[in-house]
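A.B. asks: Here's a structure for you.
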Amino acid sequence: MKKKILVVGGSGYLGSKFCEYNLSKNYIVHCLDNCIYQNNYSISHLKKIKNFKFINFDIRKKYSNKNLYDAVIIFAGLVGDPITNKYKNLSKKINVDGIKKIINFYKNQNLRLIFMSTCSNYGFVKNEIATERTKLSPKSIYAKQKILIEKYIISLKKKSKFCPTILRFATAFGLSLRPRFDLTINEFVLNAFLKKKIEIYDHKTWRPYCHVKDFCKVINICLNLDYKKAYFNILNVGSNKNNFRKIDLACRIKKIIPKFKYEIVKGSKDPRDYRVNFDKLSRFLKVKSFVSIDYGIKEIVKFLKAQKNPKKFLKYGNY
């Protein structure tokens with residue numbers, strides 16, 4: 001019997017890639033979104049694929065859905081520090097209140113629920129590599145809101161019927177149906193390709209990175225994970241090999257695009273600095289092969305070379 005899944009926020013950068021991935025595996029995929037960024041290409045493309053259904057809905061409203069699902073995957077939200085800082089009240093209504101409505105609707109149903117959290121929750125980790133047990137030290141509204149939802153989900157243990165899994169994502173890179181070029185690797189490569197000199201703040205700060213293909217692969221495995229392993233579990237999602245400093249990324253891009261120009265700027269714009277350990281993910285899911293940074297750089301360069309107007313992507317992001 002085909003698995004039927006609901007992807008909340010399925011028209012976004014990660015959500016659209018995940019919908020496409022699961023449709024290729026012959027799942028029945030319902031995408032719930034209100035396309036807040038007004039980029040409908042992902043939906044128009046997905047609608048052409050068998051077993052896809054689009055539900056246009058704003059999660060700030062009262063939620064009801066008569067469909068029965070095997071799993072609910074929550075990507076929805078205002079994603080990232082800049083937009084949540086700019087729209088503080090709106091981000092609370094969507095990232096906290098709206099997500100809780102979805103969780104409350106499904107908490108007493110016999111299904112899997114996967115919540116996309118973030119490694120940004122670790123914020124600043126000095127002299128160690130963060131594991132799932134590391135004390136959280138969020139530095140942004142975005143991370144603080146993710147933690148609120150994590151805590152809310154955990155509070156439902158033994159008070160609900162669903163089987164939730166919390167995934168703390170590394171910083172994403174790579175291409176999807178709804179491209180984003182405000183993410184570090186994607187942004188650096190775009191500017192390098194366009195021969196634009198960039199300023200790099202906090203050049204020695206660490207982050208983990210993960211390709212969108214690997215996110216899809218990991219989530220899909222979680223959908224089929226042994227119940228006891230999935231039940232109220234928290235997993236960092238990424239690869240130990242993809243922990244990098246910003247300057248390391250710039251150097252790798254320069255090897256592929258030699259004319260890439262950048263300037264190291266003193267001072268700080270972002271206090272986050274953390275390396276993350278992904279051993280638990282390897283143990284539980286047996287996932288060991290991850291897309292490399294170099295692959296992602298070359299993939300984006302190839303994509304940009306095929307575009308008539310690559311400059312337009314300077315405006316593609318969560319603005």
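Numbering starts fresh at 1 for the residues of each chain in the structure tokens, the chains themselves are lettered A, B, ... in the order given, and ligands are numbered from 1 as they appear.
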Run DSSP on the backbone and give me the residues of region 33-205 of chain A it puts in strand (DSSP E or B), as a PDB file with N, CA, C and O atoms, in the first residue's frame.

C.D. replies:
```pdb
ATOM      1  N   ASP A  33       0.538  24.600   1.859  1.00  0.00           N
ATOM      2  CA  ASP A  33       1.362  25.814   1.860  1.00  0.00           C
ATOM      3  C   ASP A  33       0.497  26.988   1.416  1.00  0.00           C
ATOM      4  O   ASP A  33      -0.543  26.793   0.779  1.00  0.00           O
ATOM      5  N   PHE A  52       0.282  13.793  -6.635  1.00  0.00           N
ATOM      6  CA  PHE A  52       0.511  15.047  -5.907  1.00  0.00           C
ATOM      7  C   PHE A  52      -0.782  15.843  -5.777  1.00  0.00           C
ATOM      8  O   PHE A  52      -1.567  15.927  -6.715  1.00  0.00           O
ATOM      9  N   LYS A  53      -0.978  16.429  -4.592  1.00  0.00           N
ATOM     10  CA  LYS A  53      -2.120  17.317  -4.364  1.00  0.00           C
ATOM     11  C   LYS A  53      -1.652  18.551  -3.598  1.00  0.00           C
ATOM     12  O   LYS A  53      -0.923  18.435  -2.616  1.00  0.00           O
ATOM     13  N   PHE A  54      -2.073  19.714  -4.060  1.00  0.00           N
ATOM     14  CA  PHE A  54      -1.715  20.972  -3.390  1.00  0.00           C
ATOM     15  C   PHE A  54      -2.885  21.492  -2.580  1.00  0.00           C
ATOM     16  O   PHE A  54      -4.014  21.569  -3.074  1.00  0.00           O
ATOM     17  N   ILE A  55      -2.629  21.845  -1.317  1.00  0.00           N
ATOM     18  CA  ILE A  55      -3.638  22.422  -0.431  1.00  0.00           C
ATOM     19  C   ILE A  55      -3.175  23.826  -0.060  1.00  0.00           C
ATOM     20  O   ILE A  55      -2.197  24.000   0.681  1.00  0.00           O
ATOM     21  N   ASN A  56      -3.862  24.820  -0.590  1.00  0.00           N
ATOM     22  CA  ASN A  56      -3.489  26.218  -0.308  1.00  0.00           C
ATOM     23  C   ASN A  56      -4.071  26.630   1.040  1.00  0.00           C
ATOM     24  O   ASN A  56      -5.281  26.790   1.182  1.00  0.00           O
ATOM     25  N   ALA A  71       2.065   9.905   7.594  1.00  0.00           N
ATOM     26  CA  ALA A  71       3.073  10.783   8.201  1.00  0.00           C
ATOM     27  C   ALA A  71       2.793  12.238   7.865  1.00  0.00           C
ATOM     28  O   ALA A  71       2.253  12.555   6.790  1.00  0.00           O
ATOM     29  N   VAL A  72       3.202  13.111   8.777  1.00  0.00           N
ATOM     30  CA  VAL A  72       3.121  14.551   8.579  1.00  0.00           C
ATOM     31  C   VAL A  72       4.524  15.118   8.779  1.00  0.00           C
ATOM     32  O   VAL A  72       5.165  14.851   9.807  1.00  0.00           O
ATOM     33  N   ILE A  73       5.007  15.860   7.803  1.00  0.00           N
ATOM     34  CA  ILE A  73       6.361  16.426   7.866  1.00  0.00           C
ATOM     35  C   ILE A  73       6.235  17.936   7.874  1.00  0.00           C
ATOM     36  O   ILE A  73       5.623  18.521   6.975  1.00  0.00           O
ATOM     37  N   ILE A  74       6.808  18.578   8.885  1.00  0.00           N
ATOM     38  CA  ILE A  74       6.628  20.027   9.055  1.00  0.00           C
ATOM     39  C   ILE A  74       7.887  20.799   8.684  1.00  0.00           C
ATOM     40  O   ILE A  74       8.883  20.816   9.411  1.00  0.00           O
ATOM     41  N   ARG A 112       3.257   9.092  12.026  1.00  0.00           N
ATOM     42  CA  ARG A 112       4.585   9.650  12.266  1.00  0.00           C
ATOM     43  C   ARG A 112       4.521  11.158  12.031  1.00  0.00           C
ATOM     44  O   ARG A 112       3.883  11.617  11.070  1.00  0.00           O
ATOM     45  N   LEU A 113       5.187  11.921  12.869  1.00  0.00           N
ATOM     46  CA  LEU A 113       5.313  13.362  12.647  1.00  0.00           C
ATOM     47  C   LEU A 113       6.790  13.720  12.749  1.00  0.00           C
ATOM     48  O   LEU A 113       7.463  13.349  13.724  1.00  0.00           O
ATOM     49  N   ILE A 114       7.273  14.411  11.728  1.00  0.00           N
ATOM     50  CA  ILE A 114       8.681  14.825  11.719  1.00  0.00           C
ATOM     51  C   ILE A 114       8.744  16.341  11.693  1.00  0.00           C
ATOM     52  O   ILE A 114       8.170  16.988  10.814  1.00  0.00           O
ATOM     53  N   PHE A 115       9.437  16.892  12.689  1.00  0.00           N
ATOM     54  CA  PHE A 115       9.570  18.345  12.793  1.00  0.00           C
ATOM     55  C   PHE A 115      10.989  18.763  12.424  1.00  0.00           C
ATOM     56  O   PHE A 115      11.955  18.250  12.982  1.00  0.00           O
ATOM     57  N   MET A 116      11.074  19.717  11.487  1.00  0.00           N
ATOM     58  CA  MET A 116      12.372  20.213  11.059  1.00  0.00           C
ATOM     59  C   MET A 116      12.847  21.316  11.997  1.00  0.00           C
ATOM     60  O   MET A 116      12.345  22.438  11.971  1.00  0.00           O
ATOM     61  N   SER A 117      13.811  20.982  12.835  1.00  0.00           N
ATOM     62  CA  SER A 117      14.423  21.977  13.700  1.00  0.00           C
ATOM     63  C   SER A 117      15.764  22.382  13.085  1.00  0.00           C
ATOM     64  O   SER A 117      15.973  22.206  11.883  1.00  0.00           O
ATOM     65  N   THR A 118      16.686  22.901  13.887  1.00  0.00           N
ATOM     66  CA  THR A 118      17.927  23.435  13.321  1.00  0.00           C
ATOM     67  C   THR A 118      19.104  23.284  14.269  1.00  0.00           C
ATOM     68  O   THR A 118      18.947  23.369  15.496  1.00  0.00           O
ATOM     69  N   PHE A 124      26.353  28.925  20.194  1.00  0.00           N
ATOM     70  CA  PHE A 124      27.790  29.144  20.402  1.00  0.00           C
ATOM     71  C   PHE A 124      28.312  28.019  21.281  1.00  0.00           C
ATOM     72  O   PHE A 124      27.906  27.876  22.435  1.00  0.00           O
ATOM     73  N   ALA A 130      29.185  19.829  19.291  1.00  0.00           N
ATOM     74  CA  ALA A 130      27.834  19.655  19.839  1.00  0.00           C
ATOM     75  C   ALA A 130      27.211  18.318  19.464  1.00  0.00           C
ATOM     76  O   ALA A 130      27.214  17.915  18.302  1.00  0.00           O
ATOM     77  N   CYS A 163       3.796   9.530  16.821  1.00  0.00           N
ATOM     78  CA  CYS A 163       5.205   9.179  16.996  1.00  0.00           C
ATOM     79  C   CYS A 163       6.059  10.274  16.343  1.00  0.00           C
ATOM     80  O   CYS A 163       6.339  10.221  15.148  1.00  0.00           O
ATOM     81  N   PRO A 164       6.469  11.278  17.118  1.00  0.00           N
ATOM     82  CA  PRO A 164       7.234  12.380  16.537  1.00  0.00           C
ATOM     83  C   PRO A 164       8.744  12.142  16.572  1.00  0.00           C
ATOM     84  O   PRO A 164       9.268  11.456  17.457  1.00  0.00           O
ATOM     85  N   THR A 165       9.424  12.705  15.590  1.00  0.00           N
ATOM     86  CA  THR A 165      10.887  12.728  15.540  1.00  0.00           C
ATOM     87  C   THR A 165      11.305  14.163  15.251  1.00  0.00           C
ATOM     88  O   THR A 165      10.729  14.816  14.373  1.00  0.00           O
ATOM     89  N   ILE A 166      12.295  14.638  15.985  1.00  0.00           N
ATOM     90  CA  ILE A 166      12.800  16.005  15.803  1.00  0.00           C
ATOM     91  C   ILE A 166      14.153  15.931  15.111  1.00  0.00           C
ATOM     92  O   ILE A 166      15.070  15.254  15.582  1.00  0.00           O
ATOM     93  N   LEU A 167      14.276  16.614  13.979  1.00  0.00           N
ATOM     94  CA  LEU A 167      15.522  16.626  13.225  1.00  0.00           C
ATOM     95  C   LEU A 167      16.147  18.020  13.261  1.00  0.00           C
ATOM     96  O   LEU A 167      15.533  18.980  12.796  1.00  0.00           O
ATOM     97  N   ARG A 168      17.349  18.105  13.827  1.00  0.00           N
ATOM     98  CA  ARG A 168      18.078  19.384  13.853  1.00  0.00           C
ATOM     99  C   ARG A 168      18.971  19.452  12.624  1.00  0.00           C
ATOM    100  O   ARG A 168      20.004  18.802  12.554  1.00  0.00           O
ATOM    101  N   PHE A 169      18.572  20.275  11.684  1.00  0.00           N
ATOM    102  CA  PHE A 169      19.241  20.357  10.394  1.00  0.00           C
ATOM    103  C   PHE A 169      20.492  21.227  10.428  1.00  0.00           C
ATOM    104  O   PHE A 169      20.520  22.288  11.045  1.00  0.00           O
ATOM    105  N   THR A 171      23.068  23.651   8.104  1.00  0.00           N
ATOM    106  CA  THR A 171      22.759  24.681   7.114  1.00  0.00           C
ATOM    107  C   THR A 171      22.703  24.039   5.725  1.00  0.00           C
ATOM    108  O   THR A 171      23.632  23.357   5.307  1.00  0.00           O
ATOM    109  N   ALA A 172      21.616  24.283   5.041  1.00  0.00           N
ATOM    110  CA  ALA A 172      21.394  23.629   3.745  1.00  0.00           C
ATOM    111  C   ALA A 172      22.187  24.296   2.625  1.00  0.00           C
ATOM    112  O   ALA A 172      22.522  25.478   2.682  1.00  0.00           O
ATOM    113  N   PHE A 173      22.472  23.501   1.593  1.00  0.00           N
ATOM    114  CA  PHE A 173      23.018  24.034   0.345  1.00  0.00           C
ATOM    115  C   PHE A 173      22.548  23.152  -0.798  1.00  0.00           C
ATOM    116  O   PHE A 173      22.031  22.056  -0.582  1.00  0.00           O
ATOM    117  N   ILE A 198      32.749  39.868  -2.418  1.00  0.00           N
ATOM    118  CA  ILE A 198      31.917  39.844  -1.217  1.00  0.00           C
ATOM    119  C   ILE A 198      32.743  40.124   0.033  1.00  0.00           C
ATOM    120  O   ILE A 198      33.966  39.937   0.047  1.00  0.00           O
ATOM    121  N   GLU A 199      32.071  40.577   1.053  1.00  0.00           N
ATOM    122  CA  GLU A 199      32.689  40.776   2.364  1.00  0.00           C
ATOM    123  C   GLU A 199      32.317  39.590   3.250  1.00  0.00           C
ATOM    124  O   GLU A 199      31.155  39.199   3.321  1.00  0.00           O
ATOM    125  N   ILE A 200      33.304  39.026   3.926  1.00  0.00           N
ATOM    126  CA  ILE A 200      33.056  37.884   4.799  1.00  0.00           C
ATOM    127  C   ILE A 200      33.315  38.281   6.248  1.00  0.00           C
ATOM    128  O   ILE A 200      34.451  38.582   6.637  1.00  0.00           O
ATOM    129  N   TYR A 201      32.237  38.327   7.011  1.00  0.00           N
ATOM    130  CA  TYR A 201      32.327  38.577   8.448  1.00  0.00           C
ATOM    131  C   TYR A 201      32.468  37.244   9.175  1.00  0.00           C
ATOM    132  O   TYR A 201      32.060  36.205   8.675  1.00  0.00           O
TER     133      TYR A 201
END
```

A.B. asks: Do you know which residues are at most 10 Å from Lys139 (chain A) counting only C-alpha atoms, after dropping those on the same chain fewer than 5 positions away, and could you put them as a PyMOL selection string?

C.D. replies: chain A and resi 81+120-124+144+270-272

A.B. asks: So, counting only C-alpha atoms, which residue among A:Ala143, A:Ile219, A:Leu111, A:Leu175 is closest to Gly12 (chain A)?

C.D. replies: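 Looking at the shortest contact to Gly12 (chain A), the residue is A:Leu175.
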
A.B. asks: Within 10 Å of Lys93 (chain A), counting only C-alpha atoms, which residues show up once you throw out same-chain ones fewer than 3 positions away? Write them as a list in words, please.

C.D. replies: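 Surrounding residues, per the criterion: Ile59, Arg60, Lys61, Gly77, Leu78, Lys88, Asn89, Leu90, Val96, Asp97, Gly98, Ile99 and Lys100 of chain A.
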
A.B. asks: Quick one: everything within 9 Å of Asn186 (chain A), counting only C-alpha atoms, minus sequence neighbours fewer than 2 positions away in the same chain. Send it as a list of chain:residue names.

C.D. replies: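 Listing them by chain and then by number gives A:Ala172, A:Phe173, A:Gly174, A:Leu175, A:Arg180, A:Phe181, A:Asp182, A:Leu183, A:Thr184, A:Phe188, A:Val189, A:Leu190, A:Asn191, A:Gly296, A:Ile297, A:Ile300.
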
A.B. asks: For Arg133 (chain A), list every protein, DNA or RNA residue within 12 Å, evaluated using only C-alpha atoms, and leave out those in the same chain fewer than 2 positions away; present the list as number ranges by chain.

C.D. replies: A: 121-122, 129-131, 135-136, 233-236, 276-278, 280

A.B. asks: Distance CA of Ile221 (chain A)-CA of Val287 (chain A), one decimal place?

C.D. replies: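 Distance between the two atoms: 9.1 Å.
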
A.B. asks: So, counting only C-alpha atoms, which residue among A:Lys241, A:Phe313, A:Asn110, A:Leu177 is closest to Ser44 (chain A)?

C.D. replies: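 Smallest distance to Ser44 (chain A) is found for A:Leu177.
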
A.B. asks: For the atom pair CA of Ile185 (chain A) and CA of Asn34 (chain A), what is the interatomic distance in Å to one decimal place?

C.D. replies: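 Rounded to one decimal, the two atoms are 27.2 Å apart.
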
A.B. asks: For each of A:Ile28, A:Ala250, A:Ile49, A:Leu314, take the minimum atom-to-atom distance to Lys2 (chain A), counting only C-alpha atoms, then give the residue where this is smallest.

C.D. replies: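 For Lys2 (chain A), the nearest of the candidates is A:Ile28.
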
A.B. asks: Within region 123-242 of chain A, find each residue whose DSSP state, derived from the backbone, is alpha helix (DSSP H), and express the selection as a PyMOL selection string.

C.D. replies: chain A and resi 141-155+184-193+212-223+227-230

A.B. asks: Write a file of the selected residues as a CSV table (one decimal), in the first residue's frame, keeping N, CA and C atoms.

C.D. replies:
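The result, written out as result05.csv:
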```csv
chain,number,residue,atom,x,y,z
A,141,ILE,N,16.1,34.7,17.1
A,141,ILE,CA,14.7,34.5,17.3
A,141,ILE,C,14.3,33.2,16.6
A,142,TYR,N,14.8,33.0,15.5
A,142,TYR,CA,14.5,31.7,14.7
A,142,TYR,C,14.8,30.5,15.5
A,143,ALA,N,16.0,30.4,16.1
A,143,ALA,CA,16.4,29.2,16.9
A,143,ALA,C,15.6,29.1,18.1
A,144,LYS,N,15.3,30.2,18.8
A,144,LYS,CA,14.5,30.2,20.0
A,144,LYS,C,13.1,29.7,19.7
A,145,GLN,N,12.5,30.0,18.6
A,145,GLN,CA,11.2,29.5,18.2
A,145,GLN,C,11.2,28.0,17.9
A,146,LYS,N,12.3,27.6,17.3
A,146,LYS,CA,12.5,26.1,17.0
A,146,LYS,C,12.5,25.4,18.4
A,147,ILE,N,13.2,25.9,19.3
A,147,ILE,CA,13.4,25.3,20.6
A,147,ILE,C,12.0,25.2,21.4
A,148,LEU,N,11.2,26.3,21.2
A,148,LEU,CA,9.9,26.3,21.8
A,148,LEU,C,9.1,25.1,21.3
A,149,ILE,N,9.1,24.9,20.0
A,149,ILE,CA,8.4,23.8,19.4
A,149,ILE,C,9.0,22.4,19.8
A,150,GLU,N,10.3,22.3,19.9
A,150,GLU,CA,10.9,21.1,20.4
A,150,GLU,C,10.4,20.7,21.8
A,151,LYS,N,10.4,21.7,22.6
A,151,LYS,CA,10.0,21.5,24.0
A,151,LYS,C,8.5,21.1,24.1
A,152,TYR,N,7.7,21.8,23.2
A,152,TYR,CA,6.3,21.5,23.2
A,152,TYR,C,6.0,20.0,22.8
A,153,ILE,N,6.7,19.6,21.8
A,153,ILE,CA,6.6,18.2,21.3
A,153,ILE,C,7.0,17.2,22.4
A,154,ILE,N,8.1,17.5,23.0
A,154,ILE,CA,8.6,16.6,24.1
A,154,ILE,C,7.6,16.5,25.3
A,155,SER,N,6.9,17.6,25.5
A,155,SER,CA,6.0,17.7,26.6
A,155,SER,C,4.7,16.8,26.4
A,184,THR,N,24.6,30.4,2.9
A,184,THR,CA,26.0,30.7,2.8
A,184,THR,C,26.7,30.2,1.5
A,185,ILE,N,26.7,28.9,1.3
A,185,ILE,CA,27.4,28.3,0.2
A,185,ILE,C,26.7,28.8,-1.1
A,186,ASN,N,25.4,28.7,-1.2
A,186,ASN,CA,24.7,29.1,-2.5
A,186,ASN,C,25.0,30.6,-2.8
A,187,GLU,N,25.0,31.4,-1.8
A,187,GLU,CA,25.3,32.8,-1.9
A,187,GLU,C,26.7,33.1,-2.4
A,188,PHE,N,27.7,32.5,-1.7
A,188,PHE,CA,29.1,32.7,-2.1
A,188,PHE,C,29.3,32.2,-3.6
A,189,VAL,N,28.7,31.1,-4.0
A,189,VAL,CA,29.0,30.6,-5.3
A,189,VAL,C,28.3,31.5,-6.3
A,190,LEU,N,27.1,32.0,-6.1
A,190,LEU,CA,26.4,32.9,-7.0
A,190,LEU,C,27.3,34.2,-7.2
A,191,ASN,N,27.7,34.8,-6.1
A,191,ASN,CA,28.5,36.0,-6.2
A,191,ASN,C,29.9,35.7,-6.9
A,192,ALA,N,30.5,34.6,-6.7
A,192,ALA,CA,31.7,34.2,-7.3
A,192,ALA,C,31.5,34.1,-8.8
A,193,PHE,N,30.4,33.4,-9.2
A,193,PHE,CA,30.0,33.2,-10.6
A,193,PHE,C,29.8,34.5,-11.3
A,212,VAL,N,20.6,19.4,0.1
A,212,VAL,CA,19.2,19.2,0.1
A,212,VAL,C,18.8,17.7,-0.2
A,213,LYS,N,19.6,17.1,-1.1
A,213,LYS,CA,19.4,15.7,-1.4
A,213,LYS,C,19.5,14.8,-0.2
A,214,ASP,N,20.5,15.1,0.6
A,214,ASP,CA,20.7,14.3,1.9
A,214,ASP,C,19.6,14.5,2.9
A,215,PHE,N,19.1,15.7,3.0
A,215,PHE,CA,17.9,16.0,3.8
A,215,PHE,C,16.8,15.1,3.4
A,216,CYS,N,16.5,15.1,2.1
A,216,CYS,CA,15.4,14.3,1.6
A,216,CYS,C,15.6,12.8,2.0
A,217,LYS,N,16.8,12.3,1.8
A,217,LYS,CA,17.2,10.9,2.0
A,217,LYS,C,17.0,10.6,3.5
A,218,VAL,N,17.5,11.4,4.4
A,218,VAL,CA,17.4,11.2,5.8
A,218,VAL,C,15.9,11.2,6.3
A,219,ILE,N,15.1,12.2,5.9
A,219,ILE,CA,13.7,12.3,6.3
A,219,ILE,C,13.0,11.0,5.8
A,220,ASN,N,13.2,10.6,4.6
A,220,ASN,CA,12.6,9.5,4.0
A,220,ASN,C,12.9,8.2,4.9
A,221,ILE,N,14.1,8.0,5.3
A,221,ILE,CA,14.5,6.9,6.1
A,221,ILE,C,13.8,7.0,7.5
A,222,CYS,N,13.6,8.2,8.0
A,222,CYS,CA,12.9,8.4,9.3
A,222,CYS,C,11.5,8.0,9.2
A,223,LEU,N,10.9,8.2,8.0
A,223,LEU,CA,9.5,7.8,7.8
A,223,LEU,C,9.3,6.3,8.0
A,227,TYR,N,9.8,2.0,15.1
A,227,TYR,CA,9.0,2.8,15.9
A,227,TYR,C,9.7,3.3,17.2
A,228,LYS,N,10.4,2.4,17.8
A,228,LYS,CA,11.1,2.7,19.1
A,228,LYS,C,12.2,3.7,18.8
A,229,LYS,N,12.9,3.6,17.7
A,229,LYS,CA,14.0,4.5,17.4
A,229,LYS,C,13.5,5.9,17.0
A,230,ALA,N,12.3,6.0,16.4
A,230,ALA,CA,11.7,7.2,15.9
A,230,ALA,C,11.0,8.0,17.1
```

A.B. asks: Could you please determine the separation between CA of Pro179 (chain A) and CA of Asn318 (chain A) in Å, to one decimal place?

C.D. replies: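 We find that CA of Pro179 (chain A) and CA of Asn318 (chain A) lie 10.0 Å from each other.
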